[in-house]
file final16.txt (compact mmCIF, C-alpha atoms)
# COMPACT_ATOMS: atom_id res chain seq x y z
CA MET A 30 -1.63 -23.50 10.13
CA GLU A 31 -0.14 -26.98 9.81
CA ARG A 32 1.36 -28.65 12.87
CA ILE A 33 3.41 -31.64 13.95
CA GLY A 34 4.75 -32.88 17.25
CA PHE A 35 8.47 -32.61 18.02
CA ASP A 36 10.49 -35.23 19.87
CA PRO A 37 13.79 -33.78 21.22
CA ALA A 38 15.21 -37.32 21.41
CA ASN A 39 14.68 -37.86 17.67
CA PRO A 40 14.69 -34.44 15.96
CA ARG A 41 15.53 -35.78 12.49
CA ALA A 42 12.23 -37.66 12.21
CA SER A 43 10.21 -34.50 12.89
CA LEU A 44 12.33 -32.19 10.77
CA ALA A 45 12.18 -34.54 7.78
CA GLN A 46 8.43 -33.86 7.57
CA LEU A 47 8.93 -30.13 7.02
CA PRO A 48 8.88 -28.62 3.50
CA GLN A 49 11.85 -26.73 2.11
CA ARG A 50 9.78 -23.68 1.24
CA PRO A 51 9.17 -20.13 2.54
CA ALA A 52 7.00 -20.09 5.65
CA VAL A 53 6.13 -18.42 8.93
CA PHE A 54 6.52 -20.76 11.90
CA ALA A 55 5.83 -20.97 15.63
CA LEU A 56 7.66 -23.22 18.09
CA TYR A 57 5.68 -24.21 21.22
CA GLY A 58 7.04 -25.65 24.45
CA ALA A 59 5.56 -28.17 26.85
CA GLU A 60 4.08 -25.48 29.13
CA ALA A 61 0.74 -24.19 27.89
CA HIS A 62 1.41 -20.69 29.21
CA ALA A 63 4.85 -20.36 27.59
CA GLU A 64 5.18 -17.87 24.76
CA PRO A 65 6.01 -19.42 21.37
CA TYR A 66 9.04 -18.57 19.28
CA ILE A 67 7.75 -17.00 16.05
CA GLY A 68 9.81 -16.36 12.94
CA ARG A 69 9.81 -16.36 9.15
CA THR A 70 12.21 -18.04 6.77
CA PRO A 71 12.76 -18.69 3.04
CA ASN A 72 13.45 -22.37 3.80
CA LEU A 73 11.51 -23.87 6.69
CA ARG A 74 13.40 -27.16 7.07
CA GLU A 75 16.88 -25.64 6.91
CA ARG A 76 15.99 -22.91 9.42
CA LEU A 77 14.52 -25.33 11.96
CA GLU A 78 17.39 -27.75 11.51
CA ARG A 79 19.70 -24.97 12.71
CA LEU A 80 17.42 -24.21 15.67
CA LEU A 81 16.38 -27.73 16.70
CA GLN A 82 19.24 -30.01 15.70
CA PRO A 83 22.28 -29.60 17.97
CA SER A 84 25.60 -29.23 16.19
CA PRO A 85 28.97 -29.66 17.94
CA LYS A 86 30.54 -27.44 15.28
CA HIS A 87 28.44 -24.46 16.42
CA PRO A 88 28.19 -24.60 20.23
CA ARG A 89 27.18 -20.92 20.52
CA ARG A 90 24.28 -21.17 18.09
CA LEU A 91 20.80 -20.74 19.56
CA GLN A 92 19.41 -24.21 20.33
CA LEU A 93 15.76 -24.74 21.25
CA ALA A 94 15.48 -28.52 20.87
CA GLY A 95 15.14 -29.13 24.59
CA ARG A 96 12.27 -26.68 24.95
CA VAL A 97 10.13 -27.37 21.86
CA ARG A 98 7.31 -29.92 21.75
CA ARG A 99 5.21 -28.70 18.81
CA ILE A 100 5.87 -26.99 15.48
CA GLU A 101 3.28 -24.99 13.58
CA TRP A 102 3.80 -23.34 10.22
CA LYS A 103 2.09 -21.78 7.24
CA LEU A 104 3.61 -21.62 3.77
CA THR A 105 3.82 -18.18 2.19
CA GLY A 106 4.40 -17.02 -1.35
CA SER A 107 6.07 -13.66 -0.74
CA ASP A 108 7.99 -11.63 1.81
CA PHE A 109 4.98 -9.28 2.05
CA GLU A 110 2.70 -12.14 3.13
CA SER A 111 5.32 -13.46 5.57
CA LEU A 112 5.72 -10.09 7.30
CA LEU A 113 1.97 -9.59 7.56
CA LEU A 114 1.37 -13.07 8.99
CA GLN A 115 4.28 -12.74 11.41
CA PHE A 116 2.95 -9.41 12.70
CA ASP A 117 -0.58 -10.75 13.14
CA LEU A 118 0.75 -13.68 15.20
CA LEU A 119 2.98 -11.46 17.33
CA GLN A 120 0.32 -8.85 18.06
CA ARG A 121 -2.07 -11.51 19.35
CA ILE A 122 0.57 -12.48 21.92
CA TYR A 123 2.41 -9.25 22.71
CA GLY A 124 -0.12 -6.57 21.76
CA PRO A 125 1.49 -3.16 21.08
CA LYS A 126 4.96 -4.60 21.77
CA ALA A 127 4.71 -6.44 18.45
CA LEU A 128 5.52 -3.15 16.73
CA GLU A 129 8.81 -2.93 18.62
CA ARG A 130 9.68 -6.58 18.04
CA MET A 131 9.36 -6.11 14.27
CA HIS A 132 10.93 -2.62 14.34
CA LEU A 133 7.82 -1.09 12.81
CA GLY A 134 7.87 2.66 13.25
CA ALA A 135 4.50 4.36 12.96
CA PRO A 136 4.24 6.09 9.54
CA TYR A 137 4.00 9.85 9.29
CA PHE A 138 0.97 11.82 8.14
CA ILE A 139 0.14 15.45 7.58
CA ARG A 140 -2.76 16.30 9.85
CA TYR A 141 -5.16 19.13 9.11
CA LEU A 142 -6.37 20.58 12.41
CA GLY A 143 -9.83 21.50 11.21
CA GLY A 144 -11.31 21.50 14.70
CA ASN A 145 -9.23 24.56 15.61
CA PRO A 146 -10.97 27.95 15.15
CA TYR A 147 -7.97 28.92 13.00
CA PRO A 148 -6.96 25.67 11.26
CA ARG A 149 -3.35 24.77 10.52
CA ILE A 150 -1.45 21.66 9.48
CA THR A 151 1.11 19.61 11.34
CA VAL A 152 3.12 16.43 10.88
CA THR A 153 2.31 13.48 13.14
CA ASN A 154 2.78 9.73 13.39
CA ARG A 155 -0.32 9.34 15.56
CA PRO A 156 -3.26 10.38 13.42
CA SER A 157 -6.62 10.22 15.13
CA GLN A 158 -9.01 7.64 13.71
CA ARG A 159 -11.90 9.99 14.46
CA GLU A 160 -10.32 12.57 12.15
CA ALA A 161 -9.08 10.08 9.55
CA ALA A 162 -10.45 12.28 6.76
CA TRP A 163 -8.03 15.03 7.85
CA ALA A 164 -4.88 12.87 8.01
CA TYR A 165 -2.96 12.62 4.73
CA GLY A 166 -0.31 9.97 4.17
CA PRO A 167 1.53 7.77 4.78
CA PHE A 168 4.82 9.40 3.80
CA PRO A 169 8.11 7.48 3.67
CA SER A 170 9.58 9.51 6.53
CA ARG A 171 9.04 12.51 8.77
CA ALA A 172 11.41 14.55 6.61
CA ALA A 173 9.36 13.76 3.49
CA ALA A 174 6.12 14.78 5.21
CA GLU A 175 7.66 18.01 6.51
CA ARG A 176 9.05 18.89 3.10
CA PHE A 177 5.69 18.43 1.39
CA SER A 178 3.99 20.41 4.17
CA ASP A 179 6.47 23.30 3.91
CA GLU A 180 6.31 23.48 0.13
CA ALA A 181 2.50 23.33 0.12
CA LEU A 182 2.28 26.17 2.66
CA LYS A 183 4.35 28.36 0.33
CA LEU A 184 1.40 28.27 -2.07
CA TYR A 185 -1.04 29.54 0.54
CA LEU A 186 -1.32 32.06 3.36
CA LEU A 187 -2.14 29.64 6.17
CA ARG A 188 -0.58 30.26 9.57
CA ARG A 189 2.48 28.28 10.65
CA CYS A 190 2.42 29.14 14.37
CA THR A 191 1.27 26.51 16.88
CA ASP A 192 -0.37 28.83 19.41
CA ASP A 193 -4.03 28.79 20.33
CA LEU A 194 -4.92 32.14 18.87
CA ASN A 195 -6.96 34.81 20.58
CA PRO A 196 -6.91 37.53 17.89
CA ASP A 197 -5.91 40.92 19.23
CA PRO A 198 -4.97 44.02 17.19
CA THR A 199 -2.11 44.63 19.63
CA HIS A 200 -0.48 41.26 18.82
CA PRO A 201 3.01 41.87 17.35
CA GLY A 202 2.64 39.22 14.64
CA CYS A 203 5.56 37.15 13.35
CA VAL A 204 8.08 37.05 10.54
CA TYR A 205 5.64 35.27 8.20
CA SER A 206 3.10 38.07 8.52
CA GLU A 207 5.86 40.60 7.86
CA MET A 208 6.82 38.69 4.70
CA LYS A 209 3.17 38.54 3.59
CA MET A 210 3.24 34.73 3.81
CA CYS A 211 0.39 34.53 6.32
CA LEU A 212 -3.03 36.16 6.61
CA ALA A 213 -2.10 37.09 10.19
CA PRO A 214 -5.29 36.18 12.04
CA CYS A 215 -3.32 36.73 15.27
CA TYR A 216 -3.78 40.52 15.02
CA LYS A 217 -6.94 40.45 12.88
CA GLY A 218 -5.02 40.90 9.65
CA CYS A 219 -7.98 39.24 7.90
CA THR A 220 -11.58 38.39 8.61
CA ASP A 221 -12.48 34.99 10.01
CA GLU A 222 -14.35 34.25 6.78
CA ARG A 223 -11.27 34.97 4.66
CA TYR A 224 -9.10 32.72 6.82
CA ALA A 225 -11.68 29.93 6.67
CA GLU A 226 -11.67 30.21 2.87
CA GLU A 227 -7.89 29.85 2.77
CA ALA A 228 -7.96 26.92 5.21
CA ASN A 229 -10.57 25.11 3.10
CA ALA A 230 -8.39 25.58 0.03
CA VAL A 231 -5.44 23.99 1.87
CA GLU A 232 -7.63 21.09 2.97
CA ARG A 233 -8.73 20.44 -0.63
CA PHE A 234 -5.11 20.67 -1.79
CA MET A 235 -4.03 18.02 0.71
CA ALA A 236 -6.97 15.74 -0.02
CA THR A 237 -6.31 15.79 -3.78
CA ARG A 238 -2.49 15.96 -3.70
CA GLY A 239 -2.62 19.34 -5.39
CA GLU A 240 -5.13 18.47 -8.11
CA SER A 241 -7.69 21.02 -6.84
CA ARG A 242 -5.19 23.86 -7.30
CA LEU A 243 -3.98 22.53 -10.66
CA VAL A 244 -7.49 22.38 -12.13
CA THR A 245 -8.09 26.04 -11.27
CA LEU A 246 -4.72 27.24 -12.55
CA ARG A 247 -4.94 25.25 -15.80
CA THR A 248 -8.41 26.63 -16.48
CA GLN A 249 -7.21 30.20 -15.90
CA ARG A 250 -4.14 29.59 -18.07
CA ASP A 251 -6.20 28.23 -20.96
CA GLU A 252 -8.68 31.11 -20.73
CA ALA A 253 -5.88 33.68 -20.78
CA SER A 254 -4.30 31.96 -23.77
CA ALA A 255 -7.64 31.87 -25.62
CA ASN A 256 -8.04 35.61 -24.98
CA LEU A 257 -4.52 36.23 -26.36
CA GLU A 258 -3.33 37.40 -22.94
CA PHE A 259 -0.03 35.66 -23.32
CA GLU A 260 1.79 37.33 -20.42
CA SER A 261 -0.96 36.24 -18.03
CA ALA A 262 -0.96 32.77 -19.57
CA ALA A 263 2.82 32.51 -19.06
CA ALA A 264 2.48 33.57 -15.43
CA MET A 265 -0.25 31.00 -14.88
CA HIS A 266 1.88 28.34 -16.53
CA ALA A 267 4.74 29.13 -14.15
CA GLN A 268 2.36 28.63 -11.22
CA VAL A 269 1.17 25.34 -12.71
CA GLN A 270 4.76 24.11 -12.87
CA LYS A 271 5.34 25.19 -9.27
CA VAL A 272 2.28 23.29 -8.04
CA GLU A 273 3.26 20.23 -10.08
CA ALA A 274 6.68 20.28 -8.40
CA VAL A 275 5.00 20.28 -4.98
CA ARG A 276 2.58 17.55 -6.06
CA ALA A 277 5.51 15.34 -7.07
CA LEU A 278 6.63 15.30 -3.42
CA ALA A 279 3.51 13.30 -2.47
CA PRO A 280 3.54 9.76 -3.92
CA GLU A 281 0.34 8.11 -5.10
CA LEU A 282 -0.04 6.29 -1.79
CA VAL A 283 -0.56 9.63 -0.01
CA ARG A 284 -4.26 10.35 0.43
CA PRO A 285 -6.77 10.87 3.27
CA MET A 286 -6.43 7.95 5.68
CA SER A 287 -10.19 7.36 5.53
CA GLU A 288 -9.95 6.97 1.74
CA LEU A 289 -6.80 4.83 1.65
CA ARG A 290 -7.94 1.75 -0.29
CA ALA A 291 -5.73 -0.43 -2.43
CA VAL A 292 -5.45 -3.94 -3.86
CA ILE A 293 -2.02 -5.54 -3.43
CA LEU A 294 -1.04 -8.50 -5.60
CA GLN A 295 1.63 -10.97 -4.53
CA ALA A 296 2.92 -14.38 -5.54
CA ALA A 297 1.05 -17.19 -3.77
CA ALA A 298 2.39 -20.26 -2.00
CA GLU A 299 0.38 -22.53 -4.29
CA PRO A 300 1.00 -22.86 -8.04
CA ASP A 301 -1.61 -21.44 -10.45
CA GLU A 302 -2.65 -18.85 -7.86
CA VAL A 303 -1.96 -15.21 -7.07
CA ALA A 304 -2.45 -13.83 -3.55
CA VAL A 305 -4.77 -10.81 -3.38
CA PHE A 306 -4.78 -8.41 -0.42
CA LEU A 307 -7.14 -5.53 0.24
CA PHE A 308 -6.15 -2.54 2.36
CA GLU A 309 -9.32 -0.85 3.55
CA GLY A 310 -10.61 0.61 6.77
CA GLY A 311 -7.12 0.91 8.25
CA ARG A 312 -6.22 -2.78 8.00
CA MET A 313 -4.87 -5.31 5.52
CA ARG A 314 -7.32 -8.04 4.59
CA GLY A 315 -6.31 -11.32 3.04
CA PRO A 316 -4.73 -13.07 1.41
CA ALA A 317 -7.42 -14.45 -0.88
CA ALA A 318 -6.34 -16.80 -3.64
CA PHE A 319 -7.08 -15.86 -7.25
CA SER A 320 -6.86 -18.89 -9.53
CA THR A 321 -5.00 -18.33 -12.82
CA LEU A 322 -6.25 -21.59 -14.35
CA GLY A 323 -7.53 -20.97 -17.85
CA MET A 324 -5.83 -17.60 -18.01
CA ARG A 325 -3.36 -16.74 -20.73
CA ILE A 326 -0.32 -15.16 -19.13
CA GLN A 327 0.40 -11.83 -20.76
CA ASN A 328 3.51 -11.45 -22.89
CA GLU A 329 4.71 -7.88 -22.28
CA GLN A 330 6.98 -8.03 -25.37
CA SER A 331 4.21 -8.91 -27.79
CA GLY A 332 2.49 -5.54 -27.70
CA SER A 333 -0.83 -7.24 -26.99
CA SER A 334 -2.89 -6.39 -23.92
CA SER A 335 -4.88 -9.62 -24.05
CA LEU A 336 -4.68 -11.90 -21.04
CA PHE A 337 -6.75 -14.70 -22.49
CA ALA A 338 -6.26 -17.77 -24.66
CA GLN A 339 -6.00 -17.14 -28.40
CA PRO A 340 -4.94 -19.24 -31.40
CA ILE A 341 -1.17 -19.17 -31.74
CA SER A 342 -1.29 -19.47 -35.49
CA MET A 343 -3.82 -20.00 -38.25
CA GLU A 344 -3.45 -22.09 -41.39
CA ALA A 345 -3.54 -20.33 -44.78
CA VAL A 346 -7.05 -20.48 -46.27
CA PRO A 347 -7.97 -19.95 -49.96
CA GLU A 348 -9.68 -16.72 -50.98
CA GLU A 349 -13.02 -18.44 -51.61
CA ASN A 350 -13.12 -19.67 -48.00
CA ARG A 351 -12.86 -16.14 -46.58
CA ASP A 352 -16.35 -16.36 -45.03
CA GLN A 353 -15.31 -19.49 -43.18
CA VAL A 354 -12.25 -17.70 -41.77
CA SER A 355 -14.44 -14.78 -40.71
CA GLY A 356 -16.70 -17.16 -38.82
CA VAL A 357 -13.73 -18.63 -36.97
CA ARG A 358 -12.50 -15.16 -36.04
CA ASP A 359 -15.94 -14.15 -34.76
CA GLN A 360 -16.14 -17.31 -32.71
CA THR A 361 -12.68 -16.69 -31.29
CA LEU A 362 -13.65 -13.13 -30.36
CA ALA A 363 -16.75 -14.41 -28.60
CA GLU A 364 -14.68 -16.97 -26.71
CA ARG A 365 -12.20 -14.29 -25.62
CA LYS A 366 -15.04 -12.06 -24.45
CA ALA A 367 -16.55 -14.94 -22.45
CA ALA A 368 -13.15 -15.69 -20.91
CA ARG A 369 -12.70 -12.04 -19.99
CA THR A 370 -16.12 -11.97 -18.34
CA MET A 371 -15.31 -15.16 -16.44
CA LEU A 372 -12.03 -13.81 -15.06
CA GLU A 373 -13.58 -10.47 -14.11
CA ALA A 374 -16.33 -12.34 -12.25
CA ARG A 375 -13.66 -14.44 -10.53
CA MET A 376 -11.85 -11.29 -9.41
CA ASP A 377 -15.12 -9.71 -8.21
CA ALA A 378 -15.73 -12.81 -6.09
CA VAL A 379 -12.25 -12.58 -4.56
CA GLN A 380 -12.68 -8.88 -3.74
CA GLY A 381 -16.12 -9.55 -2.32
CA LYS A 382 -14.64 -12.17 -0.02
CA LEU A 383 -12.03 -9.70 1.21
CA ALA A 384 -14.53 -6.86 1.62
CA ALA A 385 -16.69 -9.14 3.79
CA GLN A 386 -13.97 -9.11 6.47
CA THR A 387 -15.44 -6.14 8.33
CA GLU A 388 -13.89 -6.60 11.78
CA PRO A 389 -12.69 -3.14 12.93
CA PRO A 390 -8.97 -3.04 13.64
CA SER A 391 -7.44 -2.22 16.99
CA THR A 392 -5.00 0.67 17.26
CA THR A 393 -2.07 -1.79 17.22
CA VAL A 394 -3.33 -3.59 14.11
CA ARG A 395 -4.00 -0.32 12.30
CA GLN A 396 -0.53 1.07 13.08
CA GLY A 397 1.17 -2.22 12.20
CA HIS A 398 -0.63 -2.73 8.90
CA LEU A 399 -0.04 0.89 7.90
CA ALA A 400 3.64 0.52 8.76
CA LEU A 401 3.93 -2.70 6.73
CA LEU A 402 2.18 -1.12 3.75
CA LYS A 403 4.46 1.91 3.96
CA ARG A 404 7.60 -0.20 4.31
CA TRP A 405 6.70 -2.32 1.27
CA TYR A 406 5.47 0.55 -0.95
CA TYR A 407 8.51 2.79 -0.46
CA ARG A 408 11.07 0.12 -1.26
CA PRO A 409 13.06 0.74 -4.46
CA GLU A 410 11.04 -0.59 -7.40
CA ALA A 411 13.74 -3.11 -8.23
CA LYS A 412 13.32 -4.66 -4.77
CA ARG A 413 9.55 -4.25 -4.39
CA ALA A 414 7.94 -7.55 -5.32
CA GLY A 415 4.26 -7.45 -6.20
CA GLU A 416 1.93 -4.74 -7.48
CA ILE A 417 -0.55 -2.24 -6.07
CA VAL A 418 -3.71 -0.90 -7.69
CA PHE A 419 -5.78 2.06 -6.45
CA LEU A 420 -9.36 3.09 -7.13
CA ASP A 421 -9.91 4.96 -10.39
CA GLN A 422 -11.13 8.56 -10.60
CA GLU A 423 -14.75 7.39 -10.43
CA GLY A 424 -14.13 5.49 -7.19
CA ARG A 425 -14.32 2.02 -8.77
CA TRP A 426 -11.83 -0.80 -8.91
CA PRO A 427 -10.13 -1.02 -12.33
CA VAL A 428 -10.67 -4.75 -12.77
CA LYS A 429 -8.82 -4.92 -16.09
CA ALA A 430 -5.76 -3.25 -14.59
CA ILE A 431 -5.89 -5.68 -11.65
CA LEU A 432 -6.06 -8.64 -14.03
CA ARG A 433 -3.09 -7.33 -15.99
CA GLY A 434 -1.19 -7.16 -12.72
CA VAL A 435 -2.23 -10.72 -11.92
CA GLY A 436 -0.85 -11.79 -15.29
CA ARG A 437 2.50 -10.15 -14.61
CA ILE A 438 2.75 -11.73 -11.14
CA ALA A 439 1.89 -15.16 -12.57
CA ALA A 440 4.42 -14.74 -15.41
CA LYS A 441 7.20 -13.97 -12.95
CA ALA A 442 6.24 -16.96 -10.82
CA MET A 443 6.35 -19.25 -13.87
CA THR A 444 9.74 -17.86 -14.88
CA ALA A 445 11.10 -18.40 -11.36
CA ALA A 446 9.73 -21.96 -11.27
CA THR A 447 11.39 -22.94 -14.56
CA ALA A 448 14.70 -21.22 -13.81
CA PRO A 449 17.61 -23.65 -13.26

call {"tool": "encode", "arguments": {"input": "final16.txt", "output": "structure tokens"}}
result
Amino acid sequence: MERIGFDPANPRASLAQLPQRPAVFALYGAEAHAEPYIGRTPNLRERLERLLQPSPKHPRRLQLAGRVRRIEWKLTGSDFESLLLQFDLLQRIYGPKALERMHLGAPYFIRYLGGNPYPRITVTNRPSQREAAWAYGPFPSRAAAERFSDEALKLYLLRRCTDDLNPDPTHPGCVYSEMKMCLAPCYKGCTDERYAEEANAVERFMATRGESRLVTLRTQRDEASANLEFESAAAMHAQVQKVEAVRALAPELVRPMSELRAVILQAAAEPDEVAVFLFEGGRMRGPAAFSTLGMRIQNEQSGSSSLFAQPISMEAVPEENRDQVSGVRDQTLAERKAARTMLEARMDAVQGKLAAQTEPPSTTVRQGHLALLKRWYYRPEAKRAGEIVFLDQEGRWPVKAILRGVGRIAAKAMTAATAP
């Protein structure tokens, strides 16, 4: 972070050195043990002028000029980066209280209680890190998690009760067993093996956001259709639609907490750069700067998916010089391929730098970073600046998709910079 001294007797001289750009700042007093004032702002100089330059027109405004002796700040390129930096600074000073200061509620997960002899699922905002593979989320709210949980249970016969079961044939059961919506292990309505099979199916459903059930149903539907069993095929298709409706209740961000990995792209504070973040291992890593120098910014209206420099136009060439034109085109193709390889290598280097940050997060950092990711992701798309990219089906980073996202971020930054 950059820093300057502050003289309360001459505040204008200090404030004139500050940039008029978005930043996160910290104001320090003369006492070494005093806690700093930490904030974020879209315009650093204007914000600190209000805080550190007394105004007789606003006597009730918060004034810190008499207490401050040093100003530290870091420029940021996006609200996402500002929030993350502000939280990291606050949690170093206040620990768990940083969550309250930033009004960060812990996100909700669906937890699969696989350690129970008769597993069930529940909704929680305190998933255990030791059982991160059995916590699915984050959801936008508790209501959203409960709705997905309830609709998913309608597809299976898993128990809904919260008791520690000791199966006994004399147990009266419950309404769900009467409605044939539960295997009723409470009064030995099924074998332990049968209940374990149903519980495993629910676990796979949660881990894949319904894909495990859809694959089975689609296969059965297609087989019935191929065998001209159209009534069975229609019934299977109705079940497919029902599962797809449940699946739609879990956004793409919802997945096992241990497998929650994503690249987030944001505008950077410096020109010709895009800020890259990596969420992995329960914490947000970054930002790392990706340079867009030498990169052709994608034109979404052109219908081309190329991100790299190409000739804008080509002069008309006589028919007899067709071989010469072909040579130019081949050379251009080779140049584009080399440029693509260069940019992919540049992105691999950035991701490698982020992946090297292997410090395990504390409980406070994990909860805060999850809450910030959830808050940003579930904003309306019109208000959500930046992009997110997940691993592909083979568990690899889709570098081309990430580079296309970089191009879109850079294009928006260029448009904003040239706007009047």

call {"tool": "atom_distance", "arguments": {"input": "final16.txt", "atom1": "CA of Ala385 (chain A)", "atom2": "CA of Phe54 (chain A)"}}
result
27.2 Å

call {"tool": "residues_around", "arguments": {"input": "final16.txt", "residues": "Glu180 (chain A)", "least_positions_apart": "4", "cutoff": "9 Å", "atoms": "only C-alpha atoms", "output": "list in words"}}
result
Glu175, Arg176, Leu184, Val275 and Leu278 of chain A

call {"tool": "closest_residue", "arguments": {"input": "final16.txt", "among": "A:Glu222, A:Glu110, A:Glu75, A:Glu410", "to": "Pro316 (chain A)", "atoms": "only C-alpha atoms"}}
result
A:Glu110

call {"tool": "closest_residue", "arguments": {"input": "final16.txt", "among": "A:Met30, A:Leu119, A:Leu402, A:Ile431", "to": "Pro167 (chain A)", "atoms": "only C-alpha atoms"}}
result
A:Leu402

call {"tool": "residues_around", "arguments": {"input": "final16.txt", "residues": "region 32-36 of chain A", "least_positions_apart": "4", "cutoff": "8 Å", "atoms": "all atoms listed in the file", "output": "JSON, numbers by chain"}}
result
{"A": [40, 43, 97, 98, 99, 100, 101, 102]}

call {"tool": "residues_near_point", "arguments": {"input": "final16.txt", "point": "(4.9, 26.5, 14.5)", "cutoff": "10 Å", "atoms": "only C-alpha atoms", "output": "list in words"}}
result
Arg149, Ile150, Thr151, Arg188, Arg189, Cys190, Thr191 and Asp192 of chain A

call {"tool": "atom_distance", "arguments": {"input": "final16.txt", "atom1": "CA of Ala164 (chain A)", "atom2": "CA of Arg404 (chain A)"}}
result
18.4 Å

call {"tool": "residues_around", "arguments": {"input": "final16.txt", "residues": "Tyr407 (chain A)", "least_positions_apart": "5", "cutoff": "9 Å", "atoms": "only C-alpha atoms", "output": "list in words"}}
result
Phe168, Pro169, Leu402 and Arg413 of chain A

call {"tool": "closest_residue", "arguments": {"input": "final16.txt", "among": "A:Ser84, A:Gln386, A:Ser178, A:Gln268", "to": "Met313 (chain A)", "atoms": "only C-alpha atoms"}}
result
A:Gln386

call {"tool": "atom_distance", "arguments": {"input": "final16.txt", "atom1": "CA of Ala274 (chain A)", "atom2": "CA of Arg250 (chain A)"}}
result
17.2 Å

call {"tool": "closest_residue", "arguments": {"input": "final16.txt", "among": "A:Leu118, A:Ala38, A:Val269, A:Ala296", "to": "Arg96 (chain A)", "atoms": "only C-alpha atoms"}}
result
A:Ala38

call {"tool": "closest_residue", "arguments": {"input": "final16.txt", "among": "A:Pro156, A:Pro51, A:Gly323, A:Pro83", "to": "Ile139 (chain A)", "atoms": "all atoms listed in the file"}}
result
A:Pro156

call {"tool": "closest_residue", "arguments": {"input": "final16.txt", "among": "A:Glu252, A:Lys217, A:Gly315, A:Asp179", "to": "Gln380 (chain A)", "atoms": "all atoms listed in the file"}}
result
A:Gly315

call {"tool": "residues_around", "arguments": {"input": "final16.txt", "residues": "Arg41 (chain A)", "least_positions_apart": "5", "cutoff": "9 Å", "atoms": "only C-alpha atoms", "output": "VMD selection string"}}
result
chain A and resid 36 46 78 82

call {"tool": "write_last_selection", "arguments": {"input": "final16.txt", "atoms": "C-alpha atoms", "output": "PDB file, keeping the file's coordinate frame"}}
result
ATOM      1  CA  ASP A  36      10.490 -35.230  19.870  1.00  0.00           C
ATOM      2  CA  GLN A  46       8.430 -33.860   7.570  1.00  0.00           C
ATOM      3  CA  GLU A  78      17.390 -27.750  11.510  1.00  0.00           C
ATOM      4  CA  GLN A  82      19.240 -30.010  15.700  1.00  0.00           C
TER       5      GLN A  82
END

call {"tool": "residues_around", "arguments": {"input": "final16.txt", "residues": "Ala277 (chain A)", "least_positions_apart": "4", "cutoff": "12 Å", "atoms": "all atoms listed in the file", "output": "JSON, numbers by chain"}}
result
{"A": [173, 176, 177, 180, 181, 238, 239, 240, 270, 271, 272, 273, 281, 282, 283]}

call {"tool": "residues_near_point", "arguments": {"input": "final16.txt", "point": "(-1.8, 37.3, 6.7)", "cutoff": "10 Å", "atoms": "all atoms listed in the file", "output": "VMD selection string"}}
result
chain A and resid 185 to 188 202 to 203 205 to 219 223 to 224
